$ cat target-v7.csv   # CSV, C-alpha atoms and all ligand atoms
chain,number,residue,atom,x,y,z
A,1115,MET,CA,-27.8,18.7,1.3
A,1116,LEU,CA,-30.5,16.6,-0.2
A,1117,SER,CA,-29.2,17.4,-3.6
A,1118,LEU,CA,-25.7,16.3,-2.5
A,1119,LEU,CA,-27.1,13.1,-1.2
A,1120,ASP,CA,-28.9,12.7,-4.5
A,1121,ASP,CA,-25.7,13.2,-6.4
A,1122,LEU,CA,-23.8,10.7,-4.2
A,1123,LEU,CA,-26.6,8.1,-4.7
A,1124,SER,CA,-26.6,8.5,-8.4
A,1125,LEU,CA,-22.8,8.0,-8.4
A,1126,PHE,CA,-23.3,4.5,-7.0
A,1127,TYR,CA,-26.8,3.8,-8.4
A,1128,PRO,CA,-27.0,5.7,-11.6
A,1129,ARG,CA,-30.5,6.1,-13.0
A,1130,LEU,CA,-30.6,4.7,-16.5
A,1131,CYS,CA,-32.4,5.9,-19.5
A,1132,ALA,CA,-35.5,3.6,-20.2
A,1133,GLY,CA,-34.7,3.8,-23.9
A,1134,CYS,CA,-30.9,3.1,-24.2
A,1135,GLU,CA,-29.9,2.2,-20.6
A,1136,THR,CA,-27.1,4.8,-20.5
A,1137,PRO,CA,-26.9,6.8,-17.2
A,1138,LEU,CA,-29.1,9.8,-17.1
A,1139,VAL,CA,-27.5,13.1,-16.4
A,1140,LYS,CA,-28.8,16.0,-14.3
A,1141,GLY,CA,-32.1,17.3,-15.6
A,1142,GLU,CA,-32.9,14.2,-17.5
A,1143,GLU,CA,-35.9,12.2,-16.3
A,1144,ILE,CA,-36.7,8.6,-17.5
A,1145,LEU,CA,-35.4,9.3,-21.1
A,1146,CYS,CA,-32.1,10.8,-22.1
A,1147,LEU,CA,-32.1,13.8,-24.5
A,1148,GLY,CA,-30.8,11.5,-27.3
A,1149,CYS,CA,-33.6,9.1,-27.0
A,1150,MET,CA,-36.2,11.9,-26.8
A,1151,ALA,CA,-34.8,13.3,-30.1
A,1152,ASP,CA,-34.8,9.9,-31.7
A,1153,LEU,CA,-38.5,9.1,-31.0
A,1154,PRO,CA,-40.2,8.4,-34.3
A,1155,LYS,CA,-43.0,11.0,-33.8
A,1156,THR,CA,-45.8,10.9,-36.4
A,1157,GLY,CA,-47.0,14.5,-36.2
A,1158,PHE,CA,-50.4,13.1,-37.0
A,1159,GLU,CA,-52.1,15.6,-34.7
A,1160,LYS,CA,-51.5,18.3,-37.4
A,1161,THR,CA,-53.7,16.5,-40.0
A,1162,ALA,CA,-57.3,15.4,-39.7
A,1163,ASP,CA,-57.2,12.6,-42.3
A,1164,ASN,CA,-54.0,10.9,-41.1
A,1165,PRO,CA,-53.5,7.0,-41.2
A,1166,VAL,CA,-54.8,6.6,-37.6
A,1167,ALA,CA,-58.0,8.5,-38.3
A,1168,GLN,CA,-58.4,6.3,-41.5
A,1169,ILE,CA,-58.5,3.2,-39.3
A,1170,PHE,CA,-61.9,4.3,-38.0
A,1171,TRP,CA,-63.4,5.5,-41.2
A,1172,GLY,CA,-66.8,3.9,-41.7
A,1173,ARG,CA,-66.6,2.2,-38.3
A,1174,ALA,CA,-67.1,4.7,-35.6
A,1175,ASP,CA,-67.8,8.4,-35.4
A,1176,ILE,CA,-64.3,9.6,-34.2
A,1177,ARG,CA,-63.7,13.4,-34.2
A,1178,LEU,CA,-59.9,13.4,-33.9
A,1179,ALA,CA,-57.4,10.5,-34.0
A,1180,THR,CA,-53.7,10.4,-33.6
A,1181,SER,CA,-50.6,8.5,-32.4
A,1182,PHE,CA,-47.5,9.9,-30.8
A,1183,CYS,CA,-45.0,7.6,-32.6
A,1184,THR,CA,-44.9,4.8,-35.1
A,1185,PHE,CA,-44.3,1.3,-33.7
A,1186,ASP,CA,-40.7,0.7,-34.8
A,1187,LYS,CA,-40.2,-3.1,-34.6
A,1188,GLY,CA,-37.0,-3.6,-32.7
A,1189,GLY,CA,-36.6,0.1,-32.1
A,1190,ILE,CA,-37.0,2.5,-29.1
A,1191,VAL,CA,-40.8,2.6,-29.0
A,1192,GLN,CA,-41.1,-1.1,-29.0
A,1193,HIS,CA,-38.6,-1.2,-26.2
A,1194,LEU,CA,-40.4,1.4,-24.2
A,1195,MET,CA,-43.8,-0.3,-24.6
A,1196,HIS,CA,-42.2,-3.5,-23.4
A,1197,GLN,CA,-40.8,-1.7,-20.3
A,1198,LEU,CA,-44.2,-0.2,-19.7
A,1199,LYS,CA,-46.3,-3.3,-20.1
A,1200,TYR,CA,-44.2,-6.2,-19.0
A,1201,LYS,CA,-41.4,-4.7,-16.8
A,1202,GLY,CA,-43.4,-2.7,-14.3
A,1203,SER,CA,-42.0,0.6,-15.5
A,1204,LYS,CA,-45.1,2.6,-15.1
A,1205,GLU,CA,-43.1,5.9,-15.1
A,1206,VAL,CA,-42.3,5.3,-18.8
A,1207,GLY,CA,-46.1,5.7,-19.5
A,1208,GLU,CA,-46.3,8.9,-17.6
A,1209,LYS,CA,-43.2,10.3,-19.3
A,1210,LEU,CA,-44.4,9.4,-22.8
A,1211,GLY,CA,-47.8,10.8,-21.9
A,1212,ARG,CA,-46.2,14.1,-20.9
A,1213,LEU,CA,-44.2,14.4,-24.1
A,1214,PHE,CA,-47.3,13.5,-26.2
A,1215,GLY,CA,-49.6,15.9,-24.2
A,1216,SER,CA,-47.2,18.8,-24.7
A,1217,ASP,CA,-47.3,18.2,-28.5
A,1218,LEU,CA,-51.1,17.8,-28.5
A,1219,ILE,CA,-51.9,20.9,-26.6
A,1220,ARG,CA,-50.1,22.9,-29.4
A,1221,SER,CA,-52.7,21.7,-31.9
A,1222,ALA,CA,-55.9,23.8,-31.7
A,1223,PRO,CA,-58.4,20.9,-32.2
A,1224,TYR,CA,-57.1,19.0,-29.2
A,1225,ARG,CA,-57.6,22.0,-26.9
A,1226,GLU,CA,-61.3,21.4,-27.3
A,1227,VAL,CA,-61.0,18.1,-25.5
A,1228,GLU,CA,-62.6,18.2,-22.0
A,1229,LEU,CA,-61.8,14.8,-20.5
A,1230,LEU,CA,-59.1,12.1,-20.9
A,1231,VAL,CA,-60.5,8.5,-20.6
A,1232,PRO,CA,-58.0,5.7,-20.5
A,1233,VAL,CA,-58.9,2.3,-22.1
A,1234,PRO,CA,-59.4,0.1,-19.1
A,1235,LEU,CA,-57.8,-3.2,-18.4
A,1236,HIS,CA,-59.9,-6.1,-17.0
A,1237,PRO,CA,-59.6,-5.7,-13.2
A,1238,LYS,CA,-57.9,-9.1,-12.9
A,1239,ARG,CA,-55.2,-8.1,-15.4
A,1240,GLU,CA,-54.7,-4.7,-13.7
A,1241,ARG,CA,-54.2,-6.4,-10.3
A,1242,LYS,CA,-51.6,-8.7,-11.9
A,1243,ARG,CA,-49.7,-5.8,-13.5
A,1244,GLY,CA,-50.2,-3.4,-10.6
A,1245,TYR,CA,-51.4,-0.6,-12.8
A,1246,ASN,CA,-53.2,0.2,-16.1
A,1247,GLN,CA,-50.5,1.4,-18.6
A,1248,SER,CA,-53.1,3.6,-20.4
A,1249,ALA,CA,-54.0,5.4,-17.2
A,1250,GLU,CA,-50.3,6.1,-16.6
A,1251,ILE,CA,-50.0,7.6,-20.1
A,1252,GLY,CA,-53.2,9.5,-19.4
A,1253,ARG,CA,-51.8,10.9,-16.1
A,1254,GLY,CA,-48.8,12.4,-18.0
A,1255,MET,CA,-51.1,13.8,-20.7
A,1256,SER,CA,-53.4,15.3,-18.1
A,1257,ALA,CA,-50.5,17.1,-16.5
A,1258,ALA,CA,-49.2,18.4,-19.8
A,1259,MET,CA,-52.5,19.4,-21.2
A,1260,GLY,CA,-54.3,20.6,-18.1
A,1261,ILE,CA,-57.3,18.4,-18.9
A,1262,PRO,CA,-58.7,16.1,-16.2
A,1263,LEU,CA,-58.3,12.3,-16.4
A,1264,LEU,CA,-61.3,10.3,-15.6
A,1265,ASN,CA,-60.4,6.8,-14.4
A,1266,GLY,CA,-62.9,4.0,-13.5
A,1267,THR,CA,-65.9,5.3,-15.5
A,1268,LEU,CA,-65.3,3.2,-18.6
A,1269,VAL,CA,-64.8,-0.4,-17.4
A,1270,ARG,CA,-63.9,-3.7,-19.1
A,1271,ASN,CA,-66.2,-6.5,-18.4
A,1272,HIS,CA,-64.7,-9.7,-19.8
A,1273,TYR,CA,-61.3,-11.0,-20.6
A,1274,SER,CA,-60.8,-10.8,-24.3
A,1275,ALA,CA,-59.4,-13.8,-26.1
A,1276,THR,CA,-56.4,-13.4,-28.2
A,1277,GLN,CA,-57.4,-11.6,-31.4
A,1278,THR,CA,-54.8,-12.5,-33.9
A,1279,ASN,CA,-55.5,-14.6,-36.9
A,1280,LYS,CA,-59.1,-13.6,-37.0
A,1281,GLY,CA,-61.0,-11.5,-39.5
A,1282,ARG,CA,-62.3,-8.0,-38.6
A,1283,PHE,CA,-65.9,-9.3,-38.1
A,1284,GLU,CA,-64.9,-12.0,-35.7
A,1285,ARG,CA,-62.7,-9.6,-33.8
A,1286,TRP,CA,-65.6,-7.3,-33.5
A,1287,GLU,CA,-67.8,-10.1,-32.2
A,1288,ASN,CA,-65.1,-10.7,-29.7
A,1289,VAL,CA,-65.0,-7.3,-28.2
A,1290,ARG,CA,-68.5,-6.0,-28.6
A,1291,GLU,CA,-69.8,-6.6,-25.1
A,1292,LEU,CA,-66.4,-5.8,-23.6
A,1293,PHE,CA,-66.9,-2.4,-22.2
A,1294,SER,CA,-69.5,-0.6,-20.2
A,1295,VAL,CA,-69.9,2.9,-18.6
A,1296,GLN,CA,-70.5,3.6,-15.0
A,1297,HIS,CA,-71.9,7.0,-14.1
A,1298,PRO,CA,-72.6,8.0,-17.7
A,1299,GLU,CA,-73.8,11.4,-16.4
A,1300,LEU,CA,-70.1,12.3,-15.9
A,1301,LEU,CA,-69.5,12.0,-19.6
A,1302,GLU,CA,-72.7,13.4,-20.9
A,1303,GLY,CA,-72.2,16.3,-23.5
A,1304,LYS,CA,-68.4,16.1,-23.1
A,1305,HIS,CA,-65.6,15.8,-25.7
A,1306,LEU,CA,-63.6,12.8,-24.6
A,1307,LEU,CA,-60.1,11.7,-25.6
A,1308,LEU,CA,-59.8,7.9,-25.3
A,1309,VAL,CA,-56.2,7.0,-24.4
A,1310,ASP,CA,-54.5,3.7,-25.2
A,1311,ASP,CA,-50.9,2.5,-25.5
A,1312,VAL,CA,-51.0,1.0,-29.0
A,1313,VAL,CA,-53.5,1.0,-31.9
A,1314,THR,CA,-53.3,-1.9,-34.4
A,1315,THR,CA,-56.7,-3.0,-35.8
A,1316,GLY,CA,-58.6,-0.3,-33.8
A,1317,ALA,CA,-61.1,-2.9,-32.6
A,1318,THR,CA,-60.6,-2.1,-28.9
A,1319,LEU,CA,-60.9,1.6,-29.3
A,1320,GLU,CA,-63.8,1.2,-31.6
A,1321,ALA,CA,-65.6,-0.9,-29.0
A,1322,CYS,CA,-64.9,1.8,-26.4
A,1323,ALA,CA,-66.1,4.6,-28.7
A,1324,GLN,CA,-69.3,2.8,-29.5
A,1325,GLU,CA,-70.1,2.3,-25.8
A,1326,VAL,CA,-69.4,5.9,-25.0
A,1327,LEU,CA,-71.2,7.3,-28.0
A,1328,LYS,CA,-74.5,5.9,-26.6
A,1329,ILE,CA,-74.3,8.7,-24.0
A,1330,PRO,CA,-76.2,11.8,-25.3
A,1331,GLY,CA,-74.0,14.6,-26.6
A,1332,THR,CA,-70.6,12.9,-26.3
A,1333,ILE,CA,-67.9,13.6,-28.8
A,1334,VAL,CA,-65.1,10.9,-29.0
A,1335,SER,CA,-61.5,11.3,-30.1
A,1336,VAL,CA,-58.7,8.8,-29.7
A,1337,ALA,CA,-54.9,9.1,-29.0
A,1338,THR,CA,-52.3,6.3,-28.6
A,1339,ILE,CA,-48.6,6.4,-27.9
A,1340,ALA,CA,-47.9,4.0,-30.8
A,1341,CYS,CA,-49.5,2.9,-34.0
A,1342,ALA,CA,-48.5,-0.3,-35.8
B,1401,ZN,ZN,-31.5,7.1,-24.0

$ encode --input "target-v7.csv" --output "structure tokens" --more "lines below"
Ligand SMILES: [Zn+2]
Amino acid sequence: MLSLLDDLLSLFYPRLCAGCETPLVKGEEILCLGCMADLPKTGFEKTADNPVAQIFWGRADIRLATSFCTFDKGGIVQHLMHQLKYKGSKEVGEKLGRLFGSDLIRSAPYREVELLVPVPLHPKRERKRGYNQSAEIGRGMSAAMGIPLLNGTLVRNHYSATQTNKGRFERWENVRELFSVQHPELLEGKHLLLVDDVVTTGATLEACAQEVLKIPGTIVSVATIACA
């Protein structure tokens, strides 16, 4: 009966694919099969010295680094990131996180990860958006990988100024006091996977990693949905 009601409802209010906006068919959630097949996946989780890992060379002691997809200007990933960050579609984050997580868990080094830690937003910005997109991604990854998500331990202290048109040094100055850890004992001795939506210069993830690496025995890896 419920399923009949569901079918009737979707006849009048079809759920649309977040990627291409065509109606979803039975069994499809958030993304249609075509869009899922079209995702420009990097496969970086299969190689240690991939381009995302190279961003952090000589900057922070990062064990593993990867991105799910390349940021295709004008393409599906950019569209999905826009839905996630500016259109209130937090379910897009969870869906991408699930897809990403089910790829990562097939790669042996990622099975060593013990905790997922989303890059936090400033509380003011999170209230405005209603959610932290990185935490939504982390929720999906957590479900697919069977690894707990720890929210609220890593916190963002200040609003960061816009970071474009600045050199790496100035950008670093800008973010260095940005993050702090509450209850460091929860992270002590753990292998953490920092989760973010996009990596570009790596400055934000670097700042998070430096903060977390102050805790004895932590190992830090990073994973983002897109890399520019
Ligand atoms: Zn689609």

$ residues_near_point --input "target-v7.csv" --point "(-55.7, 16.4, -37.8)" --cutoff "8 Å" --atoms "only C-alpha atoms" --output "list in words"
Phe1158, Glu1159, Lys1160, Thr1161, Ala1162, Asp1163, Asn1164, Leu1178, Ala1179, Thr1180 and Pro1223 of chain A

$ atom_distance --input "target-v7.csv" --atom1 "CA of Lys1140 in chain A" --atom2 "CA of Gly1254 in chain A"
20.7 Å

$ residues_around --input "target-v7.csv" --residues "range 1165-1176 of chain A" --least-positions-apart "6" --cutoff "7 Å" --atoms "all atoms listed in the file" --output "ChimeraX atom specification"
/A:1316,1320,1323-1324,1334-1335

$ residues_around --input "target-v7.csv" --residues "Met1255 in chain A" --least-positions-apart "6" --cutoff "8 Å" --atoms "only C-alpha atoms" --output "PDB file with C-alpha atoms, in the frame of the given file"
ATOM      1  CA  GLU A1208     -46.300   8.900 -17.600  1.00  0.00           C
ATOM      2  CA  GLY A1211     -47.800  10.800 -21.900  1.00  0.00           C
ATOM      3  CA  ARG A1212     -46.200  14.100 -20.900  1.00  0.00           C
ATOM      4  CA  LEU A1213     -44.200  14.400 -24.100  1.00  0.00           C
ATOM      5  CA  PHE A1214     -47.300  13.500 -26.200  1.00  0.00           C
ATOM      6  CA  GLY A1215     -49.600  15.900 -24.200  1.00  0.00           C
ATOM      7  CA  SER A1216     -47.200  18.800 -24.700  1.00  0.00           C
ATOM      8  CA  ILE A1261     -57.300  18.400 -18.900  1.00  0.00           C
TER       9      ILE A1261
END

$ atom_distance --input "target-v7.csv" --atom1 "CA of Leu1263 in chain A" --atom2 "CA of Lys1204 in chain A"
16.4 Å

$ residues_near_ligand --input "target-v7.csv" --ligand "ligand ZN 1401 (chain B)" --cutoff "6 Å" --atoms "only C-alpha atoms and all ligand atoms" --output "PDB file with C-alpha atoms, in the frame of the given file"
ATOM      1  CA  CYS A1131     -32.400   5.900 -19.500  1.00  0.00           C
ATOM      2  CA  GLY A1133     -34.700   3.800 -23.900  1.00  0.00           C
ATOM      3  CA  CYS A1134     -30.900   3.100 -24.200  1.00  0.00           C
ATOM      4  CA  LEU A1145     -35.400   9.300 -21.100  1.00  0.00           C
ATOM      5  CA  CYS A1146     -32.100  10.800 -22.100  1.00  0.00           C
ATOM      6  CA  GLY A1148     -30.800  11.500 -27.300  1.00  0.00           C
ATOM      7  CA  CYS A1149     -33.600   9.100 -27.000  1.00  0.00           C
TER       8      CYS A1149
END
